[in-house]
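Step one of this worksheet: look at the structure below.
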Amino acid sequence: MSQETSLAELEAEAVRHGPAFGQDAHILCDNLVRIYKTEGVEVVALQGLDLLIEAGELVAVVGASGSGKSTLLNVLSGLDVPTAGVARVAGVDLLGMTARDRLRYRREVVGFVWQQTSRNLLPYLSAVENVELPMRLAGRRRRGRATELLDLLGVADHAGHRPGEMSGGEQQRVAIAVALANSPQVVLADEPTGELDSESSEEVFAALRGANRELGVTTVIVTHDALVSGQVDRTVGIRDGRTSSETLRRASSDGLVVAEEYAVLDRVGRLQLPRDFTSELNMERRVRLRLESDHIGVWPETTREGGGDGD
Ligand SMILES: Nc1ncnc2c1ncn2[C@@H]1O[C@H](COP(=O)(O)OP(=O)(O)OP(=O)(O)O)[C@@H](O)[C@H]1O
């Protein structure tokens with residue numbers, strides 16, 4: 001390599017040879033930052049959030065109130081623009097979109113379901129007309145598809161009913177049909193069962209899961225509802241604007257579902273220790289680490305010999 005090779009060229013070379021972070025992911029957030037400024041006060045709602053979701057996955061996002069879940073969903077839905085970082089959905093760069101791209105993205109690439117049914121459906125249109133509306137706005141008119149979607153979601157009997165004539169759960173299932181109308185690649189749902197009783201929640205979640213399985217649409221559900229987060233294959237926990245944990249569920253050989261919770265290691269090796277663990281052991285500013293053959297031990301600063309037997 002010549003002596004004139006600049007640092008920029010070396011970096012470009014490294015990028016050419018190494019796989020880019022999340023290059024195959026359907027949803028990619030890399031070091032995503034969203035800062036809100038109101039009356040001179042800054043609130044950092046997302047502080048370097050990393051998230052990868054594969055095509056066709058069904059993922060729940062959970063976290064305490066104020067942790068940044070809705071901010072993340074607003075960014076992914078194209079409603080809000082992050083302050084910095086990378087956000088890419090189905091190959092679309094969400095930071096570099098023109099107003100026109102954004103409209104197309106919101107109409108054709110993603111579908112949404114919000115918690116308030118009034119935000120999902122127009123009250124003066126029937127269920128089937130609500131489902132047809134996004135298709136009409138995109139220049140299509142397909143009564144057949146609208147009816148098929150209502151059927152898939154188990155609400156075909158309500159095709160001619162207005163939202164006020166349906167229960168909350170039925171309205172949410174029609175809302176899912178509306179979200180799916182233009183065959184989006186991704187469906188984003190923010191607390192879709194938040195206003196429902198447990199029976200209706202179960203039906204709405206089953207409808208989302210059915211759409212995910214039958215249509216292969218990548219689905220992200222922000223939820224406080226344990227009934228929902230306990231049934232997906234992957235639950236992502238957000239804390240203080242970052243992904244902090246993931247719970248993976250898989251069927252064991254005896255048919256039971258086994259859930260395992262992991263802490264998330266970011267690209268530079270940062271890990272968030274669960275607050276209840278650190279407070280139990282009075283871990284504050286510093287911890288002692290020791291590399292063992294198959295794990296890393298973490299001890300409070302005051303422990304002299306690194307925790308006896310190393311566990
Ligand atoms: N438009 C805004 N202007 C100023 N601050 C905002 C705005 N939207 C959100 N925030 C702040 O950003 C942080 C994250 O909010 P966000 O709504 O994303 O949290 P959340 O996890 O969805 O909470 P919840 O479960 O209560 O809906 C909070 O501190 C919130 O007050």
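Simple scheme: letters A, B, ... for chains in structure tokens order, numbers from 1 for residues in each chain, numbers from 1 for ligands in the order shown.
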Any idea what's packed within 9 Å of Thr243 (chain A), counting only C-alpha atoms, ignoring anything in its chain fewer than 2 positions away? Could you give it as a short mmCIF file (atom, residue, chain, number, x, y, z; two decimals) with C-alpha atoms, in the first residue's frame?
data_model
loop_
_atom_site.label_atom_id
_atom_site.label_comp_id
_atom_site.auth_asym_id
_atom_site.auth_seq_id
_atom_site.Cartn_x
_atom_site.Cartn_y
_atom_site.Cartn_z
CA GLY A 48 -28.11 5.65 20.41
CA LEU A 49 -30.64 2.88 19.91
CA ASP A 50 -29.60 -0.17 17.87
CA LEU A 51 -32.20 -2.62 16.57
CA VAL A 236 -37.15 -6.27 22.75
CA GLY A 237 -36.89 -4.23 25.97
CA ILE A 238 -36.12 -0.52 25.76
CA ARG A 239 -34.68 1.43 28.66
CA ASP A 240 -33.73 5.10 28.63
CA GLY A 241 -33.89 5.31 24.85
CA SER A 245 -32.72 -6.67 26.76
CA GLU A 246 -34.22 -9.29 24.49
CA ALA A 263 -28.91 -8.42 27.86
CA VAL A 264 -28.10 -6.64 24.61
CA ASP A 266 -24.08 -3.06 21.45
CA GLN A 272 -26.86 -2.38 30.31
#
Can you tell me which residues come within 9 Å of ligand 1 when counting only C-alpha atoms and all ligand atoms, ideally as a ChimeraX atom specification? /A:34-38,41-46,62-74,190-191,222-224,238-241
Hey, can you spit out that residue selection with N, CA and C atoms as an mmCIF file, in the first residue's frame?
data_model
loop_
_atom_site.group_PDB
_atom_site.id
_atom_site.type_symbol
_atom_site.label_atom_id
_atom_site.label_comp_id
_atom_site.auth_asym_id
_atom_site.auth_seq_id
_atom_site.Cartn_x
_atom_site.Cartn_y
_atom_site.Cartn_z
ATOM 1 N N ARG A 34 -32.898 10.691 19.004
ATOM 2 C CA ARG A 34 -33.982 11.659 18.777
ATOM 3 C C ARG A 34 -34.028 12.586 19.977
ATOM 4 N N ILE A 35 -33.746 13.836 19.711
ATOM 5 C CA ILE A 35 -33.771 14.840 20.781
ATOM 6 C C ILE A 35 -34.944 15.780 20.513
ATOM 7 N N TYR A 36 -35.797 15.952 21.511
ATOM 8 C CA TYR A 36 -36.884 16.931 21.397
ATOM 9 C C TYR A 36 -36.445 18.192 22.118
ATOM 10 N N LYS A 37 -36.761 19.329 21.520
ATOM 11 C CA LYS A 37 -36.451 20.599 22.197
ATOM 12 C C LYS A 37 -37.748 21.342 22.402
ATOM 13 N N THR A 38 -38.097 21.576 23.654
ATOM 14 C CA THR A 38 -39.280 22.393 23.916
ATOM 15 C C THR A 38 -38.916 23.472 24.908
ATOM 16 N N VAL A 41 -35.608 23.387 26.547
ATOM 17 C CA VAL A 41 -35.243 22.181 27.298
ATOM 18 C C VAL A 41 -35.115 21.021 26.311
ATOM 19 N N GLU A 42 -34.012 20.274 26.446
ATOM 20 C CA GLU A 42 -33.802 19.134 25.544
ATOM 21 C C GLU A 42 -34.189 17.837 26.232
ATOM 22 N N VAL A 43 -34.945 17.012 25.550
ATOM 23 C CA VAL A 43 -35.239 15.671 26.073
ATOM 24 C C VAL A 43 -34.661 14.675 25.073
ATOM 25 N N VAL A 44 -33.767 13.804 25.560
ATOM 26 C CA VAL A 44 -33.180 12.811 24.665
ATOM 27 C C VAL A 44 -34.054 11.559 24.746
ATOM 28 N N ALA A 45 -34.949 11.409 23.789
ATOM 29 C CA ALA A 45 -35.914 10.297 23.839
ATOM 30 C C ALA A 45 -35.268 8.993 23.354
ATOM 31 N N LEU A 46 -34.400 9.086 22.349
ATOM 32 C CA LEU A 46 -33.642 7.903 21.899
ATOM 33 C C LEU A 46 -32.167 8.278 21.993
ATOM 34 N N VAL A 62 -41.145 -3.567 24.431
ATOM 35 C CA VAL A 62 -41.684 -3.238 25.751
ATOM 36 C C VAL A 62 -40.730 -2.280 26.461
ATOM 37 N N GLY A 63 -41.241 -1.631 27.503
ATOM 38 C CA GLY A 63 -40.385 -0.722 28.271
ATOM 39 C C GLY A 63 -41.246 0.172 29.119
ATOM 40 N N ALA A 64 -40.636 0.750 30.154
ATOM 41 C CA ALA A 64 -41.390 1.619 31.069
ATOM 42 C C ALA A 64 -41.904 2.839 30.310
ATOM 43 N N SER A 65 -42.863 3.503 30.905
ATOM 44 C CA SER A 65 -43.394 4.725 30.317
ATOM 45 C C SER A 65 -42.265 5.745 30.175
ATOM 46 N N GLY A 66 -42.169 6.360 28.996
ATOM 47 C CA GLY A 66 -41.119 7.364 28.776
ATOM 48 C C GLY A 66 -39.805 6.789 28.293
ATOM 49 N N SER A 67 -39.739 5.460 28.065
ATOM 50 C CA SER A 67 -38.461 4.861 27.663
ATOM 51 C C SER A 67 -38.131 5.109 26.183
ATOM 52 N N GLY A 68 -39.108 5.548 25.398
ATOM 53 C CA GLY A 68 -38.829 5.883 24.005
ATOM 54 C C GLY A 68 -39.521 4.996 22.973
ATOM 55 N N LYS A 69 -40.461 4.161 23.414
ATOM 56 C CA LYS A 69 -41.107 3.200 22.494
ATOM 57 C C LYS A 69 -41.898 3.916 21.393
ATOM 58 N N SER A 70 -42.719 4.885 21.800
ATOM 59 C CA SER A 70 -43.544 5.573 20.789
ATOM 60 C C SER A 70 -42.668 6.412 19.868
ATOM 61 N N THR A 71 -41.616 6.996 20.434
ATOM 62 C CA THR A 71 -40.699 7.773 19.592
ATOM 63 C C THR A 71 -40.114 6.855 18.512
ATOM 64 N N LEU A 72 -39.695 5.660 18.913
ATOM 65 C CA LEU A 72 -39.137 4.708 17.952
ATOM 66 C C LEU A 72 -40.172 4.378 16.874
ATOM 67 N N LEU A 73 -41.398 4.116 17.291
ATOM 68 C CA LEU A 73 -42.428 3.743 16.315
ATOM 69 C C LEU A 73 -42.760 4.909 15.383
ATOM 70 N N ASN A 74 -42.765 6.121 15.944
ATOM 71 C CA ASN A 74 -43.024 7.296 15.103
ATOM 72 C C ASN A 74 -41.933 7.476 14.052
ATOM 73 N N ASP A 190 -48.914 0.439 17.734
ATOM 74 C CA ASP A 190 -48.570 1.078 19.014
ATOM 75 C C ASP A 190 -49.700 0.804 20.001
ATOM 76 N N GLU A 191 -49.458 -0.070 20.955
ATOM 77 C CA GLU A 191 -50.448 -0.445 21.975
ATOM 78 C C GLU A 191 -51.796 -0.815 21.356
ATOM 79 N N VAL A 222 -45.624 -2.352 19.790
ATOM 80 C CA VAL A 222 -45.265 -1.737 21.072
ATOM 81 C C VAL A 222 -46.387 -2.069 22.041
ATOM 82 N N THR A 223 -46.028 -2.599 23.203
ATOM 83 C CA THR A 223 -47.103 -3.044 24.093
ATOM 84 C C THR A 223 -46.712 -3.026 25.564
ATOM 85 N N HIS A 224 -47.722 -2.807 26.413
ATOM 86 C CA HIS A 224 -47.563 -3.004 27.855
ATOM 87 C C HIS A 224 -48.260 -4.300 28.247
ATOM 88 N N ILE A 238 -36.788 -1.819 25.923
ATOM 89 C CA ILE A 238 -36.121 -0.516 25.761
ATOM 90 C C ILE A 238 -36.017 0.142 27.121
ATOM 91 N N ARG A 239 -34.847 0.682 27.410
ATOM 92 C CA ARG A 239 -34.679 1.428 28.657
ATOM 93 C C ARG A 239 -33.889 2.690 28.364
ATOM 94 N N ASP A 240 -34.408 3.808 28.818
ATOM 95 C CA ASP A 240 -33.730 5.102 28.626
ATOM 96 C C ASP A 240 -33.287 5.308 27.174
ATOM 97 N N GLY A 241 -34.175 5.009 26.247
ATOM 98 C CA GLY A 241 -33.892 5.312 24.849
ATOM 99 C C GLY A 241 -32.913 4.391 24.159
#
Using only C-alpha atoms, which protein or nucleic acid residues come within 9 Å of Arg142 (chain A)? Drop anything in the same chain fewer than 6 positions from it, and give the result as number ranges by chain. A: 132, 135-136
Output C-alpha atoms of each residue in that selection to a file, as a PDB file, in the first residue's frame.
ATOM      1  CA  GLU A 132     -60.724   0.650   0.576  1.00  0.00           C
ATOM      2  CA  MET A 135     -56.162   1.715  -1.836  1.00  0.00           C
ATOM      3  CA  ARG A 136     -58.142   4.564  -3.409  1.00  0.00           C
TER       4      ARG A 136
END
Output as a PyMOL selection string all residues of region 23-143 of chain A that backbone DSSP marks as strand (DSSP E). chain A and resi 27-38+41-53+58-62+84-89+92-93+110-113
Write a file of the selected residues as a CSV table (one decimal), in the first residue's frame, keeping N, CA and C atoms.
chain,number,residue,atom,x,y,z
A,27,ILE,N,-35.6,-4.2,9.1
A,27,ILE,CA,-35.6,-2.9,9.9
A,27,ILE,C,-34.3,-2.8,10.6
A,28,LEU,N,-33.6,-1.6,10.3
A,28,LEU,CA,-32.3,-1.4,10.9
A,28,LEU,C,-32.3,0.0,11.6
A,29,CYS,N,-32.0,0.0,12.9
A,29,CYS,CA,-31.7,1.2,13.6
A,29,CYS,C,-30.3,1.1,14.1
A,30,ASP,N,-29.5,2.1,13.7
A,30,ASP,CA,-28.1,2.1,14.1
A,30,ASP,C,-27.8,3.4,14.8
A,31,ASN,N,-27.5,3.3,16.1
A,31,ASN,CA,-27.2,4.5,16.9
A,31,ASN,C,-28.2,5.6,16.7
A,32,LEU,N,-29.4,5.3,16.8
A,32,LEU,CA,-30.5,6.2,16.5
A,32,LEU,C,-30.7,7.2,17.7
A,33,VAL,N,-30.7,8.5,17.4
A,33,VAL,CA,-30.9,9.5,18.4
A,33,VAL,C,-32.0,10.4,18.0
A,34,ARG,N,-32.9,10.7,19.0
A,34,ARG,CA,-34.0,11.7,18.8
A,34,ARG,C,-34.0,12.6,20.0
A,35,ILE,N,-33.7,13.8,19.7
A,35,ILE,CA,-33.8,14.8,20.8
A,35,ILE,C,-34.9,15.8,20.5
A,36,TYR,N,-35.8,16.0,21.5
A,36,TYR,CA,-36.9,16.9,21.4
A,36,TYR,C,-36.4,18.2,22.1
A,37,LYS,N,-36.8,19.3,21.5
A,37,LYS,CA,-36.5,20.6,22.2
A,37,LYS,C,-37.7,21.3,22.4
A,38,THR,N,-38.1,21.6,23.7
A,38,THR,CA,-39.3,22.4,23.9
A,38,THR,C,-38.9,23.5,24.9
A,41,VAL,N,-35.6,23.4,26.5
A,41,VAL,CA,-35.2,22.2,27.3
A,41,VAL,C,-35.1,21.0,26.3
A,42,GLU,N,-34.0,20.3,26.4
A,42,GLU,CA,-33.8,19.1,25.5
A,42,GLU,C,-34.2,17.8,26.2
A,43,VAL,N,-34.9,17.0,25.6
A,43,VAL,CA,-35.2,15.7,26.1
A,43,VAL,C,-34.7,14.7,25.1
A,44,VAL,N,-33.8,13.8,25.6
A,44,VAL,CA,-33.2,12.8,24.7
A,44,VAL,C,-34.1,11.6,24.7
A,45,ALA,N,-34.9,11.4,23.8
A,45,ALA,CA,-35.9,10.3,23.8
A,45,ALA,C,-35.3,9.0,23.4
A,46,LEU,N,-34.4,9.1,22.3
A,46,LEU,CA,-33.6,7.9,21.9
A,46,LEU,C,-32.2,8.3,22.0
A,47,GLN,N,-31.4,7.4,22.7
A,47,GLN,CA,-30.0,7.8,22.9
A,47,GLN,C,-29.1,6.8,22.4
A,48,GLY,N,-29.0,6.6,21.0
A,48,GLY,CA,-28.1,5.6,20.4
A,48,GLY,C,-28.7,4.3,20.4
A,49,LEU,N,-29.9,4.2,19.9
A,49,LEU,CA,-30.6,2.9,19.9
A,49,LEU,C,-30.2,2.0,18.7
A,50,ASP,N,-29.9,0.8,19.0
A,50,ASP,CA,-29.6,-0.2,17.9
A,50,ASP,C,-30.7,-1.2,17.9
A,51,LEU,N,-31.2,-1.6,16.7
A,51,LEU,CA,-32.2,-2.6,16.6
A,51,LEU,C,-32.1,-3.2,15.2
A,52,LEU,N,-32.2,-4.6,15.1
A,52,LEU,CA,-32.2,-5.3,13.9
A,52,LEU,C,-33.4,-6.2,13.9
A,53,ILE,N,-34.3,-6.1,12.8
A,53,ILE,CA,-35.4,-7.0,12.7
A,53,ILE,C,-35.4,-7.7,11.3
A,58,LEU,N,-42.0,-11.3,13.9
A,58,LEU,CA,-43.1,-10.6,14.7
A,58,LEU,C,-42.4,-10.3,16.1
A,59,VAL,N,-42.3,-9.0,16.3
A,59,VAL,CA,-41.5,-8.6,17.5
A,59,VAL,C,-42.3,-7.7,18.4
A,60,ALA,N,-42.2,-7.9,19.7
A,60,ALA,CA,-42.9,-6.9,20.6
A,60,ALA,C,-41.8,-6.0,21.2
A,61,VAL,N,-42.1,-4.8,21.4
A,61,VAL,CA,-41.2,-3.8,22.0
A,61,VAL,C,-41.9,-3.4,23.3
A,62,VAL,N,-41.1,-3.6,24.4
A,62,VAL,CA,-41.7,-3.2,25.8
A,62,VAL,C,-40.7,-2.3,26.5
A,84,ALA,N,-30.3,12.0,14.6
A,84,ALA,CA,-29.0,11.4,14.1
A,84,ALA,C,-29.1,9.9,14.1
A,85,GLY,N,-28.1,9.3,13.4
A,85,GLY,CA,-28.1,7.8,13.3
A,85,GLY,C,-28.6,7.3,12.0
A,86,VAL,N,-28.9,6.0,11.9
A,86,VAL,CA,-29.4,5.4,10.7
A,86,VAL,C,-30.7,4.7,11.0
A,87,ALA,N,-31.7,4.9,10.2
A,87,ALA,CA,-32.9,4.2,10.3
A,87,ALA,C,-33.3,3.7,8.9
A,88,ARG,N,-33.4,2.4,8.7
A,88,ARG,CA,-33.7,1.9,7.3
A,88,ARG,C,-34.8,0.9,7.5
A,89,VAL,N,-35.8,1.0,6.7
A,89,VAL,CA,-36.9,0.0,6.7
A,89,VAL,C,-37.2,-0.4,5.2
A,92,VAL,N,-35.5,1.5,2.7
A,92,VAL,CA,-35.7,2.9,2.6
A,92,VAL,C,-35.0,3.6,3.7
A,93,ASP,N,-34.2,4.6,3.3
A,93,ASP,CA,-33.4,5.4,4.3
A,93,ASP,C,-34.4,6.5,4.9
A,110,VAL,N,-45.3,0.9,4.7
A,110,VAL,CA,-45.7,0.6,6.1
A,110,VAL,C,-47.2,0.8,6.3
A,111,GLY,N,-47.7,0.0,7.2
A,111,GLY,CA,-49.1,0.1,7.7
A,111,GLY,C,-49.0,0.3,9.2
A,112,PHE,N,-50.0,1.1,9.8
A,112,PHE,CA,-50.0,1.3,11.2
A,112,PHE,C,-51.3,1.0,11.8
A,113,VAL,N,-51.2,0.6,13.1
A,113,VAL,CA,-52.4,0.5,14.0
A,113,VAL,C,-52.1,1.2,15.2
Restricting the calculation to only C-alpha atoms: of A:Arg270, A:Arg234, A:Arg285, A:Arg140, which residue gets closest to Ser183 (chain A)? A:Arg140
Nearest residue to Ala55 (chain A) from the set A:Thr219, A:Ser229, A:Thr235, A:Ser279 (distances using only C-alpha atoms):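 Nearest candidate to Ala55 (chain A) out of A:Thr219, A:Ser229, A:Thr235, A:Ser279: A:Thr219.
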DSSP on the backbone, then: every residue of region 44-228 of chain A marked alpha helix (DSSP H), written as a ChimeraX atom specification. /A:69-76,99-104,117-120,127-137,143-152,168-180,198-215,226-228
Pro134 (chain A): which residues within 12 Å, counting only C-alpha atoms, same-chain residues fewer than 3 positions away excluded, as an MDAnalysis selection string? chainID A and resid 103:104 106:108 110:112 120:122 128:131 137:143 145:146 175 177:184
